[in-house]
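Have a look at model.cif; it's mmCIF, N, CA and C atoms and all ligand atoms:
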```cif
data_data
loop_
_atom_site.group_PDB
_atom_site.id
_atom_site.type_symbol
_atom_site.label_atom_id
_atom_site.label_comp_id
_atom_site.auth_asym_id
_atom_site.auth_seq_id
_atom_site.Cartn_x
_atom_site.Cartn_y
_atom_site.Cartn_z
ATOM 1 N N MET A 645 116.355 119.347 224.611
ATOM 2 C CA MET A 645 117.421 118.421 224.224
ATOM 3 C C MET A 645 118.746 118.885 224.808
ATOM 4 N N THR A 646 119.627 117.967 225.001
ATOM 5 C CA THR A 646 120.931 118.316 225.566
ATOM 6 C C THR A 646 122.041 117.865 224.631
ATOM 7 N N VAL A 647 123.149 118.529 224.754
ATOM 8 C CA VAL A 647 124.330 118.148 223.988
ATOM 9 C C VAL A 647 125.290 117.496 224.964
ATOM 10 N N THR A 648 125.541 116.236 224.761
ATOM 11 C CA THR A 648 126.368 115.534 225.730
ATOM 12 C C THR A 648 127.792 115.329 225.227
ATOM 13 N N ARG A 649 127.940 115.304 223.927
ATOM 14 C CA ARG A 649 129.261 114.994 223.407
ATOM 15 C C ARG A 649 129.561 115.833 222.180
ATOM 16 N N VAL A 650 130.728 116.395 222.151
ATOM 17 C CA VAL A 650 131.170 117.146 220.983
ATOM 18 C C VAL A 650 132.498 116.559 220.536
ATOM 19 N N MET A 651 132.567 116.181 219.277
ATOM 20 C CA MET A 651 133.801 115.617 218.739
ATOM 21 C C MET A 651 134.782 116.750 218.465
ATOM 22 N N THR A 652 135.990 116.584 218.903
ATOM 23 C CA THR A 652 136.981 117.618 218.652
ATOM 24 C C THR A 652 138.374 117.019 218.654
ATOM 25 N N VAL A 653 139.222 117.546 217.786
ATOM 26 C CA VAL A 653 140.604 117.086 217.722
ATOM 27 C C VAL A 653 141.473 117.883 218.687
ATOM 28 N N THR A 654 140.890 118.956 219.206
ATOM 29 C CA THR A 654 141.639 119.844 220.096
ATOM 30 C C THR A 654 141.642 119.285 221.513
ATOM 31 N N PRO A 655 142.811 119.239 222.159
ATOM 32 C CA PRO A 655 142.863 118.713 223.522
ATOM 33 C C PRO A 655 142.019 119.537 224.485
ATOM 34 N N LEU A 656 141.494 118.878 225.478
ATOM 35 C CA LEU A 656 140.649 119.529 226.474
ATOM 36 C C LEU A 656 141.380 120.675 227.162
ATOM 37 N N ALA A 657 142.682 120.473 227.392
ATOM 38 C CA ALA A 657 143.470 121.521 228.070
ATOM 39 C C ALA A 657 143.478 122.805 227.248
ATOM 40 N N THR A 658 143.533 122.655 225.928
ATOM 41 C CA THR A 658 143.518 123.826 225.044
ATOM 42 C C THR A 658 142.165 124.532 225.123
ATOM 43 N N TRP A 659 141.100 123.751 225.094
ATOM 44 C CA TRP A 659 139.750 124.329 225.205
ATOM 45 C C TRP A 659 139.597 125.084 226.516
ATOM 46 N N ARG A 660 140.105 124.485 227.588
ATOM 47 C CA ARG A 660 139.975 125.131 228.899
ATOM 48 C C ARG A 660 140.754 126.441 228.931
ATOM 49 N N ARG A 661 141.943 126.423 228.319
ATOM 50 C CA ARG A 661 142.765 127.628 228.294
ATOM 51 C C ARG A 661 142.043 128.727 227.502
ATOM 52 N N MET A 662 141.481 128.335 226.359
ATOM 53 C CA MET A 662 140.764 129.300 225.521
ATOM 54 C C MET A 662 139.540 129.856 226.245
ATOM 55 N N ALA A 663 138.831 128.987 226.946
ATOM 56 C CA ALA A 663 137.630 129.427 227.663
ATOM 57 C C ALA A 663 138.002 130.411 228.768
ATOM 58 N N GLY A 664 139.124 130.139 229.436
ATOM 59 C CA GLY A 664 139.587 131.041 230.484
ATOM 60 C C GLY A 664 139.925 132.401 229.924
ATOM 61 N N LYS A 665 140.563 132.396 228.762
ATOM 62 C CA LYS A 665 140.925 133.634 228.089
ATOM 63 C C LYS A 665 139.669 134.416 227.700
ATOM 64 N N ALA A 666 138.698 133.696 227.168
ATOM 65 C CA ALA A 666 137.443 134.323 226.745
ATOM 66 C C ALA A 666 136.741 134.981 227.923
ATOM 67 N N GLU A 667 136.721 134.285 229.057
ATOM 68 C CA GLU A 667 136.061 134.839 230.230
ATOM 69 C C GLU A 667 136.793 136.077 230.729
ATOM 70 N N LYS A 668 138.119 136.008 230.688
ATOM 71 C CA LYS A 668 138.939 137.125 231.126
ATOM 72 C C LYS A 668 138.683 138.355 230.258
ATOM 73 N N GLU A 669 138.458 138.123 228.982
ATOM 74 C CA GLU A 669 138.227 139.234 228.057
ATOM 75 C C GLU A 669 136.781 139.708 228.069
ATOM 76 N N GLY A 670 135.980 139.055 228.892
ATOM 77 C CA GLY A 670 134.598 139.499 229.054
ATOM 78 C C GLY A 670 133.641 139.037 227.974
ATOM 79 N N LEU A 671 134.020 137.982 227.235
ATOM 80 C CA LEU A 671 133.117 137.453 226.226
ATOM 81 C C LEU A 671 131.916 136.782 226.885
ATOM 82 N N ARG A 672 130.779 136.892 226.214
ATOM 83 C CA ARG A 672 129.573 136.271 226.739
ATOM 84 C C ARG A 672 128.979 135.364 225.680
ATOM 85 N N ALA A 673 128.486 134.203 226.133
ATOM 86 C CA ALA A 673 127.823 133.276 225.225
ATOM 87 C C ALA A 673 126.321 133.325 225.487
ATOM 88 N N TYR A 674 125.558 133.505 224.427
ATOM 89 C CA TYR A 674 124.108 133.575 224.543
ATOM 90 C C TYR A 674 123.474 132.419 223.788
ATOM 91 N N ARG A 675 122.697 131.649 224.504
ATOM 92 C CA ARG A 675 121.982 130.550 223.874
ATOM 93 C C ARG A 675 120.792 131.124 223.114
ATOM 94 N N LEU A 676 120.616 130.710 221.879
ATOM 95 C CA LEU A 676 119.537 131.260 221.061
ATOM 96 C C LEU A 676 118.292 130.392 221.167
ATOM 97 N N ASN A 677 117.190 131.003 221.526
ATOM 98 C CA ASN A 677 115.910 130.314 221.608
ATOM 99 C C ASN A 677 115.938 129.086 222.509
ATOM 100 N N GLY A 678 116.818 129.103 223.496
ATOM 101 C CA GLY A 678 116.867 127.990 224.430
ATOM 102 C C GLY A 678 117.378 126.698 223.824
ATOM 103 N N ASP A 679 117.898 126.773 222.617
ATOM 104 C CA ASP A 679 118.409 125.583 221.933
ATOM 105 C C ASP A 679 119.915 125.466 222.169
ATOM 106 N N PRO A 680 120.377 124.369 222.780
ATOM 107 C CA PRO A 680 121.815 124.261 223.081
ATOM 108 C C PRO A 680 122.688 124.123 221.841
ATOM 109 N N ARG A 681 122.088 124.033 220.655
ATOM 110 C CA ARG A 681 122.892 123.908 219.434
ATOM 111 C C ARG A 681 123.257 125.251 218.820
ATOM 112 N N PHE A 682 122.508 126.281 219.177
ATOM 113 C CA PHE A 682 122.721 127.576 218.527
ATOM 114 C C PHE A 682 123.074 128.650 219.536
ATOM 115 N N TRP A 683 124.231 129.293 219.285
ATOM 116 C CA TRP A 683 124.745 130.277 220.233
ATOM 117 C C TRP A 683 125.237 131.523 219.498
ATOM 118 N N ALA A 684 125.220 132.618 220.215
ATOM 119 C CA ALA A 684 125.894 133.830 219.753
ATOM 120 C C ALA A 684 126.902 134.204 220.826
ATOM 121 N N VAL A 685 128.137 134.486 220.409
ATOM 122 C CA VAL A 685 129.188 134.852 221.365
ATOM 123 C C VAL A 685 129.706 136.236 220.991
ATOM 124 N N SER A 686 129.740 137.107 221.985
ATOM 125 C CA SER A 686 130.179 138.476 221.722
ATOM 126 C C SER A 686 131.654 138.506 221.365
ATOM 127 N N SER A 687 132.039 139.514 220.622
ATOM 128 C CA SER A 687 133.421 139.673 220.177
ATOM 129 C C SER A 687 134.214 140.493 221.185
ATOM 130 N N ALA A 688 135.466 140.076 221.420
ATOM 131 C CA ALA A 688 136.312 140.814 222.361
ATOM 132 C C ALA A 688 136.840 142.086 221.715
ATOM 133 N N THR A 689 137.129 142.015 220.424
ATOM 134 C CA THR A 689 137.779 143.113 219.730
ATOM 135 C C THR A 689 136.786 144.102 219.116
ATOM 136 N N ASN A 690 135.580 143.643 218.883
ATOM 137 C CA ASN A 690 134.629 144.459 218.155
ATOM 138 C C ASN A 690 133.269 144.511 218.855
ATOM 139 N N PRO A 691 133.064 145.515 219.706
ATOM 140 C CA PRO A 691 131.772 145.610 220.401
ATOM 141 C C PRO A 691 130.649 145.785 219.389
ATOM 142 N N GLY A 692 129.543 145.121 219.615
ATOM 143 C CA GLY A 692 128.455 145.204 218.661
ATOM 144 C C GLY A 692 128.481 144.071 217.670
ATOM 145 N N VAL A 693 129.548 143.267 217.739
ATOM 146 C CA VAL A 693 129.641 142.118 216.856
ATOM 147 C C VAL A 693 129.486 140.845 217.689
ATOM 148 N N ALA A 694 128.784 139.872 217.136
ATOM 149 C CA ALA A 694 128.692 138.568 217.780
ATOM 150 C C ALA A 694 128.936 137.493 216.735
ATOM 151 N N TYR A 695 129.563 136.417 217.156
ATOM 152 C CA TYR A 695 129.818 135.312 216.247
ATOM 153 C C TYR A 695 128.811 134.208 216.496
ATOM 154 N N GLU A 696 128.455 133.519 215.430
ATOM 155 C CA GLU A 696 127.530 132.399 215.555
ATOM 156 C C GLU A 696 128.310 131.131 215.826
ATOM 157 N N VAL A 697 127.971 130.452 216.888
ATOM 158 C CA VAL A 697 128.564 129.152 217.171
ATOM 159 C C VAL A 697 127.451 128.114 217.089
ATOM 160 N N THR A 698 127.698 127.076 216.304
ATOM 161 C CA THR A 698 126.689 126.063 216.060
ATOM 162 C C THR A 698 127.226 124.683 216.381
ATOM 163 N N VAL A 699 126.454 123.914 217.097
ATOM 164 C CA VAL A 699 126.800 122.519 217.338
ATOM 165 C C VAL A 699 125.989 121.688 216.353
ATOM 166 N N LEU A 700 126.708 121.079 215.404
ATOM 167 C CA LEU A 700 126.018 120.364 214.340
ATOM 168 C C LEU A 700 126.571 118.948 214.231
ATOM 169 N N ASP A 701 125.726 117.973 214.472
ATOM 170 C CA ASP A 701 126.156 116.576 214.400
ATOM 171 C C ASP A 701 127.425 116.324 215.211
ATOM 172 N N GLY A 702 127.473 116.911 216.404
ATOM 173 C CA GLY A 702 128.621 116.693 217.280
ATOM 174 C C GLY A 702 129.835 117.521 216.902
ATOM 175 N N GLU A 703 129.706 118.321 215.851
ATOM 176 C CA GLU A 703 130.809 119.203 215.478
ATOM 177 C C GLU A 703 130.488 120.627 215.870
ATOM 178 N N LEU A 704 131.546 121.377 216.097
ATOM 179 C CA LEU A 704 131.384 122.724 216.598
ATOM 180 C C LEU A 704 131.872 123.709 215.536
ATOM 181 N N LEU A 705 130.990 124.593 215.128
ATOM 182 C CA LEU A 705 131.346 125.547 214.081
ATOM 183 C C LEU A 705 131.243 126.967 214.614
ATOM 184 N N CYS A 706 132.120 127.827 214.119
ATOM 185 C CA CYS A 706 132.071 129.232 214.524
ATOM 186 C C CYS A 706 132.253 130.101 213.289
ATOM 187 N N SER A 707 131.629 131.267 213.308
ATOM 188 C CA SER A 707 131.684 132.150 212.142
ATOM 189 C C SER A 707 132.831 133.153 212.217
ATOM 190 N N CYS A 708 133.693 133.057 213.235
ATOM 191 C CA CYS A 708 134.777 134.034 213.342
ATOM 192 C C CYS A 708 135.890 133.726 212.339
ATOM 193 N N ARG A 709 136.770 134.700 212.145
ATOM 194 C CA ARG A 709 137.829 134.547 211.134
ATOM 195 C C ARG A 709 138.853 133.489 211.520
ATOM 196 N N ALA A 710 139.173 133.402 212.813
ATOM 197 C CA ALA A 710 140.165 132.427 213.268
ATOM 198 C C ALA A 710 139.726 131.005 212.921
ATOM 199 N N SER A 711 138.425 130.792 212.881
ATOM 200 C CA SER A 711 137.896 129.456 212.617
ATOM 201 C C SER A 711 138.190 128.970 211.208
ATOM 202 N N GLU A 712 138.535 129.905 210.328
ATOM 203 C CA GLU A 712 138.879 129.490 208.965
ATOM 204 C C GLU A 712 140.209 128.766 208.953
ATOM 205 N N PHE A 713 141.042 129.042 209.964
ATOM 206 C CA PHE A 713 142.388 128.456 209.984
ATOM 207 C C PHE A 713 142.602 127.464 211.108
ATOM 208 N N LEU A 714 141.849 127.619 212.190
ATOM 209 C CA LEU A 714 142.106 126.824 213.383
ATOM 210 C C LEU A 714 140.897 125.975 213.764
ATOM 211 N N PRO A 715 141.181 124.795 214.350
ATOM 212 C CA PRO A 715 140.069 123.930 214.774
ATOM 213 C C PRO A 715 139.461 124.373 216.102
ATOM 214 N N TYR A 716 139.935 125.478 216.655
ATOM 215 C CA TYR A 716 139.381 125.960 217.915
ATOM 216 C C TYR A 716 139.413 127.476 217.933
ATOM 217 N N CYS A 717 138.622 128.058 218.797
ATOM 218 C CA CYS A 717 138.657 129.498 219.019
ATOM 219 C C CYS A 717 138.010 129.786 220.362
ATOM 220 N N LYS A 718 138.141 131.025 220.816
ATOM 221 C CA LYS A 718 137.622 131.400 222.127
ATOM 222 C C LYS A 718 136.108 131.235 222.197
ATOM 223 N N HIS A 719 135.453 131.525 221.078
ATOM 224 C CA HIS A 719 133.987 131.494 221.075
ATOM 225 C C HIS A 719 133.465 130.087 221.279
ATOM 226 N N ARG A 720 134.087 129.156 220.545
ATOM 227 C CA ARG A 720 133.671 127.757 220.695
ATOM 228 C C ARG A 720 134.027 127.239 222.081
ATOM 229 N N ALA A 721 135.181 127.680 222.588
ATOM 230 C CA ALA A 721 135.594 127.252 223.927
ATOM 231 C C ALA A 721 134.568 127.694 224.971
ATOM 232 N N LEU A 722 134.082 128.912 224.809
ATOM 233 C CA LEU A 722 133.120 129.451 225.762
ATOM 234 C C LEU A 722 131.802 128.663 225.715
ATOM 235 N N VAL A 723 131.410 128.266 224.512
ATOM 236 C CA VAL A 723 130.180 127.494 224.358
ATOM 237 C C VAL A 723 130.345 126.103 224.975
ATOM 238 N N LEU A 724 131.489 125.485 224.735
ATOM 239 C CA LEU A 724 131.759 124.178 225.346
ATOM 240 C C LEU A 724 131.691 124.278 226.859
ATOM 241 N N ASP A 725 132.258 125.366 227.364
ATOM 242 C CA ASP A 725 132.244 125.592 228.800
ATOM 243 C C ASP A 725 130.804 125.735 229.294
ATOM 244 N N ALA A 726 130.008 126.505 228.567
ATOM 245 C CA ALA A 726 128.619 126.736 228.953
ATOM 246 C C ALA A 726 127.809 125.443 228.894
ATOM 247 N N LEU A 727 128.214 124.528 228.017
ATOM 248 C CA LEU A 727 127.519 123.251 227.891
ATOM 249 C C LEU A 727 127.980 122.250 228.953
ATOM 250 N N GLY A 728 129.009 122.646 229.710
ATOM 251 C CA GLY A 728 129.526 121.747 230.734
ATOM 252 C C GLY A 728 130.485 120.718 230.183
ATOM 253 N N ALA A 729 130.899 120.892 228.915
ATOM 254 C CA ALA A 729 131.765 119.910 228.267
ATOM 255 C C ALA A 729 133.213 120.019 228.730
ATOM 256 N N LEU A 730 133.549 121.086 229.447
ATOM 257 C CA LEU A 730 134.929 121.244 229.903
ATOM 258 C C LEU A 730 135.087 120.894 231.381
ATOM 259 N N ASP A 731 133.999 120.434 231.970
ATOM 260 C CA ASP A 731 134.082 120.036 233.368
ATOM 261 C C ASP A 731 135.002 118.831 233.512
ATOM 262 N N PRO A 732 135.706 118.774 234.614
ATOM 263 C CA PRO A 732 136.586 117.612 234.820
ATOM 264 C C PRO A 732 135.765 116.322 234.875
ATOM 265 N N VAL A 733 136.254 115.323 234.220
ATOM 266 C CA VAL A 733 135.568 114.024 234.264
ATOM 267 C C VAL A 733 136.481 113.007 234.942
ATOM 268 N N GLU A 734 135.855 111.982 235.449
ATOM 269 C CA GLU A 734 136.651 110.938 236.092
ATOM 270 C C GLU A 734 137.402 110.165 235.035
ATOM 271 N N ALA A 735 138.570 109.706 235.384
ATOM 272 C CA ALA A 735 139.336 108.876 234.468
ATOM 273 C C ALA A 735 138.509 107.635 234.134
ATOM 274 N N PRO A 736 138.349 107.357 232.836
ATOM 275 C CA PRO A 736 137.488 106.245 232.436
ATOM 276 C C PRO A 736 137.982 104.897 232.974
ATOM 277 N N LEU A 737 139.262 104.678 232.911
ATOM 278 C CA LEU A 737 139.811 103.408 233.379
ATOM 279 C C LEU A 737 141.073 103.667 234.199
ATOM 280 N N ALA A 738 140.932 103.550 235.489
ATOM 281 C CA ALA A 738 142.105 103.710 236.335
ATOM 282 C C ALA A 738 142.656 102.329 236.653
ATOM 283 N N ALA A 739 143.311 101.762 235.670
ATOM 284 C CA ALA A 739 143.765 100.381 235.835
ATOM 285 C C ALA A 739 145.057 100.323 236.652
HETATM 286 ZN ZN ZN A 801 135.182 131.757 216.908
#
```

Turn the structure described in the file into structure tokens.
Amino acid sequence: MTVTRVMTVTPLATWRRMAGKAEKEGLRAYRLNGDPRFWAVSSATNPGVAYEVTVLDGELLCSCRASEFLPYCKHRALVLDALGALDPVEAPLAA
């Protein structure tokens, strides 16, 4: 199965910025059991720790502390990137 759409209130530019930061810090996203809904993302600050990122009903959840306060985080950004959701898309209507 594939994940084609994730609902988010966060602008794409913010996700891209976060994903870039995550990559720079050497974070890695691991798909669990080949299922695009379940991921583990390594922690930048705490080696040996990984956060769970879950795509559930088009929503993106993360187990990190920042996620308690913010609708986005580096871990989710990295997963979106891995899913190809941050790729540039054509303008839907160039009127
Ligand atoms: Zn997170």

Output of the PyMOL selection byres (((not hetatm)) within 5 of (chain A and resi 801)), listed as a PDB file with N, CA and C atoms, in the coordinates of the input:
```
ATOM      1  N   CYS A 706     132.120 127.827 214.119  1.00  0.00           N
ATOM      2  CA  CYS A 706     132.071 129.232 214.524  1.00  0.00           C
ATOM      3  C   CYS A 706     132.253 130.101 213.289  1.00  0.00           C
ATOM      4  N   CYS A 708     133.693 133.057 213.235  1.00  0.00           N
ATOM      5  CA  CYS A 708     134.777 134.034 213.342  1.00  0.00           C
ATOM      6  C   CYS A 708     135.890 133.726 212.339  1.00  0.00           C
ATOM      7  N   CYS A 717     138.622 128.058 218.797  1.00  0.00           N
ATOM      8  CA  CYS A 717     138.657 129.498 219.019  1.00  0.00           C
ATOM      9  C   CYS A 717     138.010 129.786 220.362  1.00  0.00           C
ATOM     10  N   LYS A 718     138.141 131.025 220.816  1.00  0.00           N
ATOM     11  CA  LYS A 718     137.622 131.400 222.127  1.00  0.00           C
ATOM     12  C   LYS A 718     136.108 131.235 222.197  1.00  0.00           C
ATOM     13  N   HIS A 719     135.453 131.525 221.078  1.00  0.00           N
ATOM     14  CA  HIS A 719     133.987 131.494 221.075  1.00  0.00           C
ATOM     15  C   HIS A 719     133.465 130.087 221.279  1.00  0.00           C
ATOM     16  N   ARG A 720     134.087 129.156 220.545  1.00  0.00           N
ATOM     17  CA  ARG A 720     133.671 127.757 220.695  1.00  0.00           C
ATOM     18  C   ARG A 720     134.027 127.239 222.081  1.00  0.00           C
TER      19      ARG A 720
END
```

- Task: May I ask which of the residues A:Trp659, A:Asn690, A:Glu696, A:Arg681 is the closest one to Asp725 of chain A, counting only N, CA and C atoms?
- Result: A:Trp659

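Closest to Pro715 of chain A among A:Glu703, A:Glu667, A:Asp679, A:Asp731 is A:Glu703, based on only C-alpha atoms.
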
- So how many Å separate atom CA of Ser686 of chain A and atom CA of Gly670 of chain A, to one decimal? 8.6 Å

- Result set, the PyMOL selection byres (((chain A and resi 674) around 6.5) and not hetatm) on current file, as an MDAnalysis selection string: chainID A and resid 672:673 675:676 682:686

- Task: Write down as a VMD selection string the residues of chain A whose backbone DSSP state falls under helix (DSSP H, G or I).
- Result: chain A and resid 656 to 668 710 to 712 718 to 726

- Could you work out how far atom CA of Leu722 of chain A lies from atom CA of Ala666 of chain A, giving the answer in Å with one decimal?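 Separation of atom CA of Ala666 of chain A and atom CA of Leu722 of chain A: 6.6 Å.
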
I'd like the box whose edges run along x, y and z of the file and which contains every listed atom of segment 692-695 of chain A, padded by 5 Å per side; could you state its centre and edge lengths in Å, one decimal, as AutoDock Vina command-line options?
```
--center_x 129.1 --center_y 139.7 --center_z 217.9 --size_x 11.4 --size_y 21.0 --size_z 13.4
```

- Interatomic distance between atom CA of Glu669 of chain A and atom CA of Thr689 of chain A?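 One can read the atom CA of Glu669 of chain A to atom CA of Thr689 of chain A distance as 9.2 Å.
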
Name the residues captured by the PyMOL selection byres (((chain A and resi 707) around 7) and not hetatm) when it is applied to the shown file; answer as a compact mmCIF listing (two decimals) with N, CA and C atoms, keeping the file's coordinate frame.
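Result saved to result.txt:
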```txt
# COMPACT_ATOMS: atom_id res chain seq x y z
N TYR A 695 129.56 136.42 217.16
CA TYR A 695 129.82 135.31 216.25
C TYR A 695 128.81 134.21 216.50
N GLU A 696 128.46 133.52 215.43
CA GLU A 696 127.53 132.40 215.56
C GLU A 696 128.31 131.13 215.83
N VAL A 697 127.97 130.45 216.89
CA VAL A 697 128.56 129.15 217.17
C VAL A 697 127.45 128.11 217.09
N THR A 698 127.70 127.08 216.30
CA THR A 698 126.69 126.06 216.06
C THR A 698 127.23 124.68 216.38
N LEU A 705 130.99 124.59 215.13
CA LEU A 705 131.35 125.55 214.08
C LEU A 705 131.24 126.97 214.61
N CYS A 706 132.12 127.83 214.12
CA CYS A 706 132.07 129.23 214.52
C CYS A 706 132.25 130.10 213.29
N CYS A 708 133.69 133.06 213.24
CA CYS A 708 134.78 134.03 213.34
C CYS A 708 135.89 133.73 212.34
N ARG A 709 136.77 134.70 212.14
CA ARG A 709 137.83 134.55 211.13
C ARG A 709 138.85 133.49 211.52
N ALA A 710 139.17 133.40 212.81
CA ALA A 710 140.16 132.43 213.27
C ALA A 710 139.73 131.00 212.92
N SER A 711 138.43 130.79 212.88
CA SER A 711 137.90 129.46 212.62
C SER A 711 138.19 128.97 211.21
N GLU A 712 138.54 129.90 210.33
CA GLU A 712 138.88 129.49 208.96
C GLU A 712 140.21 128.77 208.95
```

- Using only C-alpha atoms, pick whichever of A:Ala721, A:Leu714, A:Arg661, A:Val650 has the shortest atom-to-atom distance to Leu700 of chain A. A:Val650

- Query: Closest to Val723 of chain A among A:Ala694, A:Thr652, A:Val699, A:Lys665, using only C-alpha atoms?
  - Reply: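 Among the listed residues, the smallest separation from Val723 of chain A belongs to A:Val699.
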
- Message: If DSSP is run on the backbone, what residues of chain A are strand (DSSP E)? A reply as a list in words would be ideal.
- Response: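 Everything in chain A that counts as strand (DSSP E) is Ala673, Tyr674, Arg675, Leu676, Asp679, Pro680, Arg681, Phe682, Trp683, Ala684, Val685, Ser686, Ala694, Tyr695, Glu696, Val697, Thr698, Val699, Leu700, Glu703, Leu704, Leu705 and Cys706 of chain A.
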